[in-house]
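target_18.pdb (PDB, C-alpha atoms)
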MODEL        1
ATOM      1  CA  MET G  39       5.269  36.637 -54.810
ATOM      2  CA  VAL G  40       3.204  38.112 -52.010
ATOM      3  CA  ALA G  41       4.456  35.470 -49.577
ATOM      4  CA  THR G  42       8.052  36.281 -50.553
ATOM      5  CA  ARG G  43       7.563  39.974 -49.913
ATOM      6  CA  ARG G  44       5.938  39.365 -46.567
ATOM      7  CA  SER G  45       8.759  37.104 -45.394
ATOM      8  CA  SER G  46      11.399  39.552 -46.574
ATOM      9  CA  ALA G  47       9.526  42.469 -44.990
ATOM     10  CA  SER G  48       9.384  40.771 -41.630
ATOM     11  CA  GLY G  49      13.022  39.733 -41.817
ATOM     12  CA  LYS G  50      12.468  36.971 -39.273
ATOM     13  CA  ALA G  51      13.010  33.311 -40.031
ATOM     14  CA  ALA G  52      11.065  30.566 -38.307
ATOM     15  CA  PRO G  53      12.918  29.432 -35.174
ATOM     16  CA  GLU G  54      14.678  26.138 -35.555
ATOM     17  CA  LYS G  55      14.125  23.374 -33.048
ATOM     18  CA  PRO G  56      17.163  22.664 -30.885
ATOM     19  CA  PRO G  57      18.896  19.396 -31.756
ATOM     20  CA  ARG G  58      18.008  16.456 -29.603
ATOM     21  CA  PRO G  59      20.733  15.551 -27.102
ATOM     22  CA  PRO G  60      22.633  12.320 -27.713
ATOM     23  CA  PRO G  61      21.850   9.320 -25.473
ATOM     24  CA  ALA G  62      23.509   9.411 -22.078
ATOM     25  CA  VAL G  63      25.320   6.146 -22.787
ATOM     26  CA  THR G  64      27.374   7.887 -25.501
ATOM     27  CA  GLN G  65      28.465  10.773 -23.300
ATOM     28  CA  PRO G  66      31.963  10.742 -21.764
ATOM     29  CA  GLY G  67      32.195   9.497 -18.203
ATOM     30  CA  PHE G  68      28.913   7.578 -18.310
ATOM     31  CA  TRP G  69      30.393   4.101 -17.949
ATOM     32  CA  ARG G  70      32.703   5.191 -15.147
ATOM     33  CA  SER G  71      29.700   6.562 -13.258
ATOM     34  CA  PHE G  72      27.777   3.380 -14.086
ATOM     35  CA  ALA G  73      30.557   1.201 -12.644
ATOM     36  CA  THR G  74      30.569   3.211  -9.419
ATOM     37  CA  ARG G  75      26.799   2.907  -9.086
ATOM     38  CA  ALA G  76      26.912  -0.818  -9.852
ATOM     39  CA  LYS G  77      29.528  -1.496  -7.153
ATOM     40  CA  ALA G  78      27.563   0.430  -4.533
ATOM     41  CA  ALA G  79      24.310  -1.272  -5.552
ATOM     42  CA  LEU G  80      25.931  -4.720  -5.372
ATOM     43  CA  ALA G  81      27.292  -4.045  -1.872
ATOM     44  CA  MET G  82      23.903  -2.819  -0.618
ATOM     45  CA  MET G  83      22.160  -5.776  -2.236
ATOM     46  CA  VAL G  84      24.436  -8.284  -0.514
ATOM     47  CA  CYS G  85      23.908  -6.608   2.878
ATOM     48  CA  PHE G  86      20.152  -6.511   2.381
ATOM     49  CA  LEU G  87      19.948 -10.188   1.386
ATOM     50  CA  CYS G  88      22.035 -11.171   4.427
ATOM     51  CA  ILE G  89      19.630  -9.327   6.716
ATOM     52  CA  LEU G  90      16.681 -10.930   4.934
ATOM     53  CA  TRP G  91      18.263 -14.361   5.371
ATOM     54  CA  ALA G  92      18.795 -13.723   9.093
ATOM     55  CA  GLY G  93      15.067 -13.474   9.750
ATOM     56  CA  HIS G  94      12.086 -11.321  10.627
ATOM     57  CA  PHE G  95      13.587  -9.831  13.773
ATOM     58  CA  TYR G  96      16.693  -8.537  11.985
ATOM     59  CA  VAL G  97      14.615  -7.029   9.186
ATOM     60  CA  TRP G  98      12.662  -5.241  11.910
ATOM     61  CA  LEU G  99      15.932  -3.922  13.372
ATOM     62  CA  LEU G 100      16.844  -2.642   9.899
ATOM     63  CA  ILE G 101      13.592  -0.678   9.818
ATOM     64  CA  LEU G 102      14.340   0.787  13.248
ATOM     65  CA  MET G 103      17.787   1.908  12.109
ATOM     66  CA  LEU G 104      16.358   3.491   8.959
ATOM     67  CA  GLN G 105      13.774   5.333  11.050
ATOM     68  CA  VAL G 106      16.480   6.808  13.277
ATOM     69  CA  LEU G 107      18.524   7.910  10.259
ATOM     70  CA  SER G 108      15.479   9.412   8.525
ATOM     71  CA  PHE G 109      14.421  11.340  11.626
ATOM     72  CA  ARG G 110      17.986  12.558  12.115
ATOM     73  CA  GLU G 111      18.120  13.795   8.525
ATOM     74  CA  LEU G 112      14.870  15.724   8.880
ATOM     75  CA  LEU G 113      16.038  17.224  12.165
ATOM     76  CA  ASN G 114      19.244  18.436  10.574
ATOM     77  CA  VAL G 115      17.219  20.331   7.971
ATOM     78  CA  ARG G 116      15.353  22.174  10.724
ATOM     79  CA  TYR G 117      18.434  22.551  12.936
ATOM     80  CA  GLN G 118      20.283  24.556  10.276
ATOM     81  CA  ASP G 119      17.609  27.258  10.509
ATOM     82  CA  TYR G 120      17.771  27.156  14.290
ATOM     83  CA  LYS G 121      21.526  27.719  14.389
ATOM     84  CA  LYS G 122      21.185  30.762  12.139
ATOM     85  CA  ASP G 123      18.500  32.316  14.360
ATOM     86  CA  THR G 124      20.534  32.880  17.501
ATOM     87  CA  GLU G 125      18.176  35.355  19.153
ATOM     88  CA  LYS G 126      15.534  32.656  19.448
ATOM     89  CA  ALA G 127      17.759  30.201  21.286
ATOM     90  CA  MET G 128      15.506  27.490  22.658
ATOM     91  CA  PRO G 129      16.763  25.342  25.555
ATOM     92  CA  LEU G 130      16.901  21.595  24.989
ATOM     93  CA  PHE G 131      16.101  22.057  21.297
ATOM     94  CA  ARG G 132      17.405  18.732  19.953
ATOM     95  CA  THR G 133      16.949  16.881  23.257
ATOM     96  CA  LEU G 134      13.200  17.458  23.207
ATOM     97  CA  GLN G 135      12.885  16.422  19.572
ATOM     98  CA  TRP G 136      14.706  13.161  20.202
ATOM     99  CA  GLY G 137      12.668  12.690  23.389
ATOM    100  CA  TRP G 138       9.437  12.887  21.395
ATOM    101  CA  PHE G 139      10.895  10.479  18.861
ATOM    102  CA  TYR G 140      11.880   7.783  21.363
ATOM    103  CA  ALA G 141       8.612   8.142  23.287
ATOM    104  CA  ALA G 142       6.674   7.639  20.048
ATOM    105  CA  GLN G 143       8.899   4.715  19.055
ATOM    106  CA  PHE G 144       8.333   2.999  22.379
ATOM    107  CA  TYR G 145       4.556   3.422  22.203
ATOM    108  CA  VAL G 146       4.236   2.200  18.612
ATOM    109  CA  TYR G 147       6.442  -0.851  18.913
ATOM    110  CA  ALA G 148       5.379  -1.749  22.445
ATOM    111  CA  ASP G 149       1.833  -1.917  21.120
ATOM    112  CA  PHE G 150       3.041  -4.140  18.289
ATOM    113  CA  VAL G 151       4.926  -6.491  20.637
ATOM    114  CA  HIS G 152       1.861  -6.679  22.869
ATOM    115  CA  GLU G 153      -0.374  -7.661  19.932
ATOM    116  CA  PHE G 154       2.208 -10.149  18.686
ATOM    117  CA  ALA G 155       2.373 -11.766  22.131
ATOM    118  CA  LEU G 156      -1.400 -12.168  22.229
ATOM    119  CA  GLN G 157      -1.476 -13.766  18.787
ATOM    120  CA  ASN G 158       1.337 -16.218  19.584
ATOM    121  CA  HIS G 159       0.502 -17.789  22.930
ATOM    122  CA  THR G 160       3.907 -19.452  23.257
ATOM    123  CA  GLN G 161       5.482 -16.018  23.702
ATOM    124  CA  HIS G 162       2.810 -14.574  25.960
ATOM    125  CA  LYS G 163       4.403 -15.885  29.195
ATOM    126  CA  LEU G 164       7.719 -14.283  28.358
ATOM    127  CA  THR G 165       6.179 -10.907  27.604
ATOM    128  CA  GLN G 166       3.449 -10.923  30.238
ATOM    129  CA  PRO G 167       5.094  -8.355  32.576
ATOM    130  CA  PHE G 168       5.812  -6.094  29.620
ATOM    131  CA  SER G 169       2.270  -6.455  28.291
ATOM    132  CA  ARG G 170       0.907  -5.417  31.664
ATOM    133  CA  TYR G 171       2.891  -2.194  32.088
ATOM    134  CA  TRP G 172       3.744  -0.965  28.578
ATOM    135  CA  GLU G 173       0.838   1.485  28.450
ATOM    136  CA  ALA G 174       1.788   3.000  31.807
ATOM    137  CA  ILE G 175       5.421   3.334  30.689
ATOM    138  CA  SER G 176       4.333   4.985  27.442
ATOM    139  CA  PHE G 177       2.117   7.447  29.303
ATOM    140  CA  PHE G 178       4.955   8.239  31.730
ATOM    141  CA  LEU G 179       7.341   8.990  28.852
ATOM    142  CA  TYR G 180       4.739  11.207  27.209
ATOM    143  CA  CYS G 181       4.186  13.146  30.445
ATOM    144  CA  VAL G 182       7.923  13.697  30.939
ATOM    145  CA  VAL G 183       8.530  14.967  27.404
ATOM    146  CA  PHE G 184       5.367  17.098  27.389
ATOM    147  CA  THR G 185       6.239  18.653  30.748
ATOM    148  CA  LEU G 186       9.744  19.505  29.556
ATOM    149  CA  SER G 187       8.334  21.017  26.374
ATOM    150  CA  VAL G 188       6.014  23.298  28.375
ATOM    151  CA  TYR G 189       8.742  24.128  30.913
ATOM    152  CA  THR G 190      11.137  25.367  28.218
ATOM    153  CA  LEU G 191       8.614  27.762  26.629
ATOM    154  CA  ARG G 192       9.725  31.400  26.575
ATOM    155  CA  VAL G 193       7.453  34.427  26.319
ATOM    156  CA  ASP G 194       9.510  36.068  23.565
ATOM    157  CA  ALA G 195       9.807  32.883  21.472
ATOM    158  CA  VAL G 196       6.637  30.902  22.172
ATOM    159  CA  ARG G 197       5.399  31.138  18.586
ATOM    160  CA  TYR G 198       8.705  29.855  17.282
ATOM    161  CA  GLN G 199       8.774  27.015  19.815
ATOM    162  CA  VAL G 200       5.217  25.903  19.020
ATOM    163  CA  GLY G 201       6.214  25.865  15.352
ATOM    164  CA  GLN G 202       9.138  23.582  16.201
ATOM    165  CA  LEU G 203       6.835  21.294  18.165
ATOM    166  CA  SER G 204       4.413  21.128  15.230
ATOM    167  CA  TRP G 205       7.280  20.278  12.888
ATOM    168  CA  THR G 206       8.372  17.478  15.228
ATOM    169  CA  ILE G 207       4.863  16.014  15.491
ATOM    170  CA  VAL G 208       4.356  15.995  11.711
ATOM    171  CA  THR G 209       7.761  14.345  11.270
ATOM    172  CA  LEU G 210       6.831  11.681  13.831
ATOM    173  CA  CYS G 211       3.606  10.916  11.961
ATOM    174  CA  ILE G 212       5.598  10.370   8.760
ATOM    175  CA  VAL G 213       8.607   8.509  10.158
ATOM    176  CA  VAL G 214       7.105   6.593  13.101
ATOM    177  CA  GLY G 215       3.334   6.350  12.722
ATOM    178  CA  GLN G 216       3.064   4.691   9.342
ATOM    179  CA  MET G 217       6.000   2.357   9.980
ATOM    180  CA  LYS G 218       4.026   0.453  12.613
ATOM    181  CA  PHE G 219       2.142  -1.250   9.787
ATOM    182  CA  VAL G 220       5.445  -2.158   8.125
ATOM    183  CA  ALA G 221       6.393  -4.118  11.250
ATOM    184  CA  HIS G 222       3.077  -5.995  11.060
ATOM    185  CA  ASN G 223       3.729  -6.816   7.415
ATOM    186  CA  ILE G 224       7.223  -8.110   8.181
ATOM    187  CA  PHE G 225       6.048 -10.572  10.818
ATOM    188  CA  GLU G 226       3.048 -11.641   8.714
ATOM    189  CA  GLY G 227       5.514 -12.820   6.080
ATOM    190  CA  LEU G 228       8.728 -11.442   4.651
ATOM    191  CA  PHE G 229       7.096 -11.504   1.219
ATOM    192  CA  TRP G 230       5.075  -8.387   2.109
ATOM    193  CA  PHE G 231       8.281  -6.508   2.830
ATOM    194  CA  PHE G 232      10.651  -8.012   0.288
ATOM    195  CA  PHE G 233       8.399  -7.897  -2.773
ATOM    196  CA  PRO G 234       7.655  -4.124  -2.599
ATOM    197  CA  VAL G 235      11.368  -3.454  -2.052
ATOM    198  CA  TRP G 236      12.147  -5.722  -5.004
ATOM    199  CA  LEU G 237       9.798  -3.718  -7.233
ATOM    200  CA  VAL G 238      11.132  -0.350  -6.048
ATOM    201  CA  VAL G 239      14.690  -1.438  -6.824
ATOM    202  CA  HIS G 240      13.639  -2.672 -10.248
ATOM    203  CA  ASN G 241      11.724   0.518 -10.973
ATOM    204  CA  ASP G 242      14.745   2.650 -10.121
ATOM    205  CA  CYS G 243      17.104   0.501 -12.192
ATOM    206  CA  TRP G 244      14.805   0.412 -15.203
ATOM    207  CA  ALA G 245      14.218   4.165 -15.025
ATOM    208  CA  TYR G 246      17.985   4.685 -15.077
ATOM    209  CA  ALA G 247      18.443   2.253 -17.986
ATOM    210  CA  TRP G 248      15.610   3.573 -20.164
ATOM    211  CA  GLY G 249      16.533   7.160 -19.393
ATOM    212  CA  ALA G 250      20.157   6.546 -20.373
ATOM    213  CA  LEU G 251      19.157   4.853 -23.655
ATOM    214  CA  LEU G 252      16.175   6.914 -24.785
ATOM    215  CA  GLY G 253      16.132   9.959 -22.513
ATOM    216  CA  ARG G 254      14.733  13.058 -24.301
ATOM    217  CA  ARG G 255      14.707  11.277 -27.652
ATOM    218  CA  PHE G 256      10.921  11.583 -27.920
ATOM    219  CA  ILE G 257       9.870  14.067 -25.218
ATOM    220  CA  THR G 258      12.237  16.953 -24.496
ATOM    221  CA  GLN G 259      10.166  18.440 -21.692
ATOM    222  CA  PRO G 260      11.660  17.698 -18.231
ATOM    223  CA  PHE G 261       9.767  15.129 -16.209
ATOM    224  CA  PHE G 262      10.314  16.696 -12.769
ATOM    225  CA  SER G 263      11.643  20.190 -12.139
ATOM    226  CA  LEU G 264      13.357  19.285  -8.860
ATOM    227  CA  SER G 265      15.289  16.520 -10.610
ATOM    228  CA  PRO G 266      16.070  17.755 -14.144
ATOM    229  CA  LYS G 267      17.864  14.539 -15.153
ATOM    230  CA  LYS G 268      14.642  12.528 -14.887
ATOM    231  CA  THR G 269      12.997  11.877 -18.255
ATOM    232  CA  TRP G 270       9.570  10.820 -19.485
ATOM    233  CA  GLU G 271      11.109   7.942 -21.400
ATOM    234  CA  GLY G 272      12.654   6.629 -18.193
ATOM    235  CA  PHE G 273       9.358   6.972 -16.325
ATOM    236  CA  VAL G 274       7.237   5.180 -18.934
ATOM    237  CA  GLY G 275       9.866   2.486 -19.562
ATOM    238  CA  ALA G 276      10.261   1.820 -15.839
ATOM    239  CA  LEU G 277       6.480   1.629 -15.389
ATOM    240  CA  VAL G 278       6.036  -1.021 -18.072
ATOM    241  CA  SER G 279       9.165  -2.963 -17.078
ATOM    242  CA  THR G 280       8.215  -3.040 -13.392
ATOM    243  CA  ILE G 281       4.738  -4.379 -14.189
ATOM    244  CA  VAL G 282       6.286  -7.169 -16.272
ATOM    245  CA  VAL G 283       8.783  -8.017 -13.513
ATOM    246  CA  ALA G 284       6.023  -8.073 -10.887
ATOM    247  CA  PHE G 285       3.838 -10.337 -13.002
ATOM    248  CA  TYR G 286       6.515 -12.983 -13.569
ATOM    249  CA  THR G 287       8.394 -12.906 -10.253
ATOM    250  CA  ALA G 288       5.496 -12.828  -7.776
ATOM    251  CA  PRO G 289       4.641 -16.541  -8.297
ATOM    252  CA  LEU G 290       8.308 -17.485  -7.859
ATOM    253  CA  PHE G 291       8.670 -15.692  -4.528
ATOM    254  CA  ALA G 292       5.278 -16.941  -3.316
ATOM    255  CA  ARG G 293       6.561 -20.525  -3.452
ATOM    256  CA  SER G 294       9.229 -19.785  -0.856
ATOM    257  CA  ARG G 295       8.191 -20.774   2.663
ATOM    258  CA  TRP G 296      10.821 -18.413   4.064
ATOM    259  CA  LEU G 297       9.058 -15.466   2.445
ATOM    260  CA  SER G 298       5.426 -16.542   2.788
ATOM    261  CA  CYS G 299       5.311 -18.017   6.314
ATOM    262  CA  PRO G 300       4.618 -15.652   9.235
ATOM    263  CA  ALA G 301       6.916 -15.466  12.236
ATOM    264  CA  THR G 302       5.756 -17.241  15.374
ATOM    265  CA  SER G 303       8.350 -15.926  17.817
ATOM    266  CA  LEU G 304      10.665 -13.016  18.509
ATOM    267  CA  THR G 305      14.072 -14.655  18.445
ATOM    268  CA  LEU G 306      17.686 -13.612  17.909
ATOM    269  CA  ARG G 307      18.562 -16.910  16.227
ATOM    270  CA  PHE G 308      19.626 -16.603  12.615
ATOM    271  CA  HIS G 309      17.413 -18.138   9.940
ATOM    272  CA  GLU G 310      15.094 -20.028  12.237
ATOM    273  CA  PRO G 311      13.251 -22.697  10.201
ATOM    274  CA  LEU G 312       9.675 -21.868   9.254
ATOM    275  CA  ALA G 313       6.873 -24.248   8.371
ATOM    276  CA  CYS G 314       3.291 -23.322   7.639
ATOM    277  CA  GLU G 315       0.338 -23.991   5.393
ATOM    278  CA  PRO G 316       0.456 -21.383   2.615
ATOM    279  CA  ALA G 317      -2.201 -18.719   2.860
ATOM    280  CA  ALA G 318      -4.856 -18.574   0.155
ATOM    281  CA  VAL G 319      -3.173 -15.617  -1.498
ATOM    282  CA  PHE G 320      -0.037 -17.721  -2.103
ATOM    283  CA  ARG G 321      -1.852 -20.708  -3.651
ATOM    284  CA  THR G 322      -2.627 -21.203  -7.335
ATOM    285  CA  ARG G 323      -6.344 -21.060  -8.057
ATOM    286  CA  SER G 324      -8.046 -23.205 -10.668
ATOM    287  CA  GLU G 325     -10.114 -20.215 -11.739
ATOM    288  CA  MET G 326     -10.915 -16.669 -10.649
ATOM    289  CA  LYS G 327     -13.757 -14.461 -11.837
ATOM    290  CA  LEU G 328     -13.230 -10.767 -12.428
ATOM    291  CA  GLY G 329     -16.645  -9.464 -13.418
ATOM    292  CA  PHE G 330     -17.501 -11.079 -16.742
ATOM    293  CA  VAL G 331     -13.956 -12.408 -17.219
ATOM    294  CA  THR G 332     -12.882 -15.838 -15.910
ATOM    295  CA  LEU G 333      -9.156 -16.494 -15.411
ATOM    296  CA  ARG G 334      -7.897 -20.082 -15.111
ATOM    297  CA  ASP G 335      -4.793 -21.414 -13.336
ATOM    298  CA  VAL G 336      -4.144 -18.071 -11.641
ATOM    299  CA  SER G 337      -0.843 -17.826  -9.780
ATOM    300  CA  PRO G 338      -0.398 -15.529  -6.785
TER     301      PRO G 338
ENDMDL
END
Will you turn the file into structure tokens for me?
Amino acid sequence: MVATRRSSASGKAAPEKPPRPPPAVTQPGFWRSFATRAKAALAMMVCFLCILWAGHFYVWLLILMLQVLSFRELLNVRYQDYKKDTEKAMPLFRTLQWGWFYAAQFYVYADFVHEFALQNHTQHKLTQPFSRYWEAISFFLYCVVFTLSVYTLRVDAVRYQVGQLSWTIVTLCIVVGQMKFVAHNIFEGLFWFFFPVWLVVHNDCWAYAWGALLGRRFITQPFFSLSPKKTWEGFVGALVSTIVVAFYTAPLFARSRWLSCPATSLTLRFHEPLACEPAAVFRTRSEMKLGFVTLRDVSP
């Protein structure tokens, strides 16, 4: 009786939970969007596999092209602010940014080619002049771009220009600096490039599939505020599915000489035959000890 009076006195009913949204696969237009995504994914997959079949050098060229496109995209973000701020017009704005980019590209990949030539003595004679002067050329490019950057400084906009230079340097560290190690991985064996890409593609596909089937059925809270369509169900499902895919497909790819053998030359020939003794990481072990646990017949 007392509880009834209190509820009637307050006059407020307990808020009802909002109904859970239906799965994305049941919403109109989903399968049309899925077909469009599938066609685009199939086209990109075919192009990627063709480049992978062509060889290490062409995969390296793909990385170079992606670096240029990524740097261009980041520059466009900064350039929009520059065009709006007309009173701070800076001479050679985009020219200097691209000059820093190409100077950094030359230094990073010239160093890689030099190291590759030393490791593979058959190519050392062909690259000997380049190996002798690449450091001097890199230093000359740096001096030219640095001198132009200082020459274009203006008293009324020096703070703005130094900010632009800092933005360019940070972008170069992200786009150019870390990609040097990707080039090393490619020529040490296409497996080290293909397998991570394979897992990233699978993770994205599984996240889309699990999110479409079970998205917000168990957890209604958004997964990521910048991308409200991402769901926790898609994240967890993709995590588990990607681990399973990695576990079962790694031994299959490790058996391929085309993926596991390192490159021994920089050549433009398509699909040059490779032959090598598989590295220890690609061979099945009779047993492997992990602390107190012993695993037998361990595949790569």
May I have a table of the residues of region 233-305 of chain G lying at most 12 Å from region 81-90 of chain G, giving each one's closest pair of atoms and their distance in Å to one decimal, counting all atoms listed in the file, ordered by chain and ascending residue number, as a Markdown table?
| residue | atom | partner | partner_atom | distance |
| --- | --- | --- | --- | --- |
| G:Phe233 | CA | G:Leu90 | CA | 11.7 |
| G:Val235 | CA | G:Phe86 | CA | 10.3 |
| G:Trp236 | CA | G:Met83 | CA | 10.4 |
| G:Val239 | CA | G:Met83 | CA | 9.8 |
| G:Trp296 | CA | G:Leu90 | CA | 9.5 |
| G:Leu297 | CA | G:Leu90 | CA | 9.2 |
Dump of C-alpha atoms for the selected residues, as a CSV table (one decimal), keeping the file's coordinate frame:
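Output below, filename selection-v8.csv:
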chain,number,residue,atom,x,y,z
G,233,PHE,CA,8.4,-7.9,-2.8
G,235,VAL,CA,11.4,-3.5,-2.1
G,236,TRP,CA,12.1,-5.7,-5.0
G,239,VAL,CA,14.7,-1.4,-6.8
G,296,TRP,CA,10.8,-18.4,4.1
G,297,LEU,CA,9.1,-15.5,2.4
Residues returned when the PyMOL selection byres ((chain G and resi 292) around 12) runs on this file, as a PyMOL selection string
chain G and resi 227-230+232-233+284-291+293-299+316-322+337-338
How many Å separate CA of Val196 (chain G) from CA of Phe139 (chain G)?
21.1 Å
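Of the listed residues (G:Ser279, G:Thr209, G:Ser176, G:Thr133), G:Thr209 comes nearest to Gln105 (chain G); the distances count all atoms listed in the file.
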Go through the shown structure with the PyMOL selection byres ((chain G and resi 180) around 10) and write out the matching residues as a PyMOL selection string.
chain G and resi 137-138+140-142+145+174-179+181-186
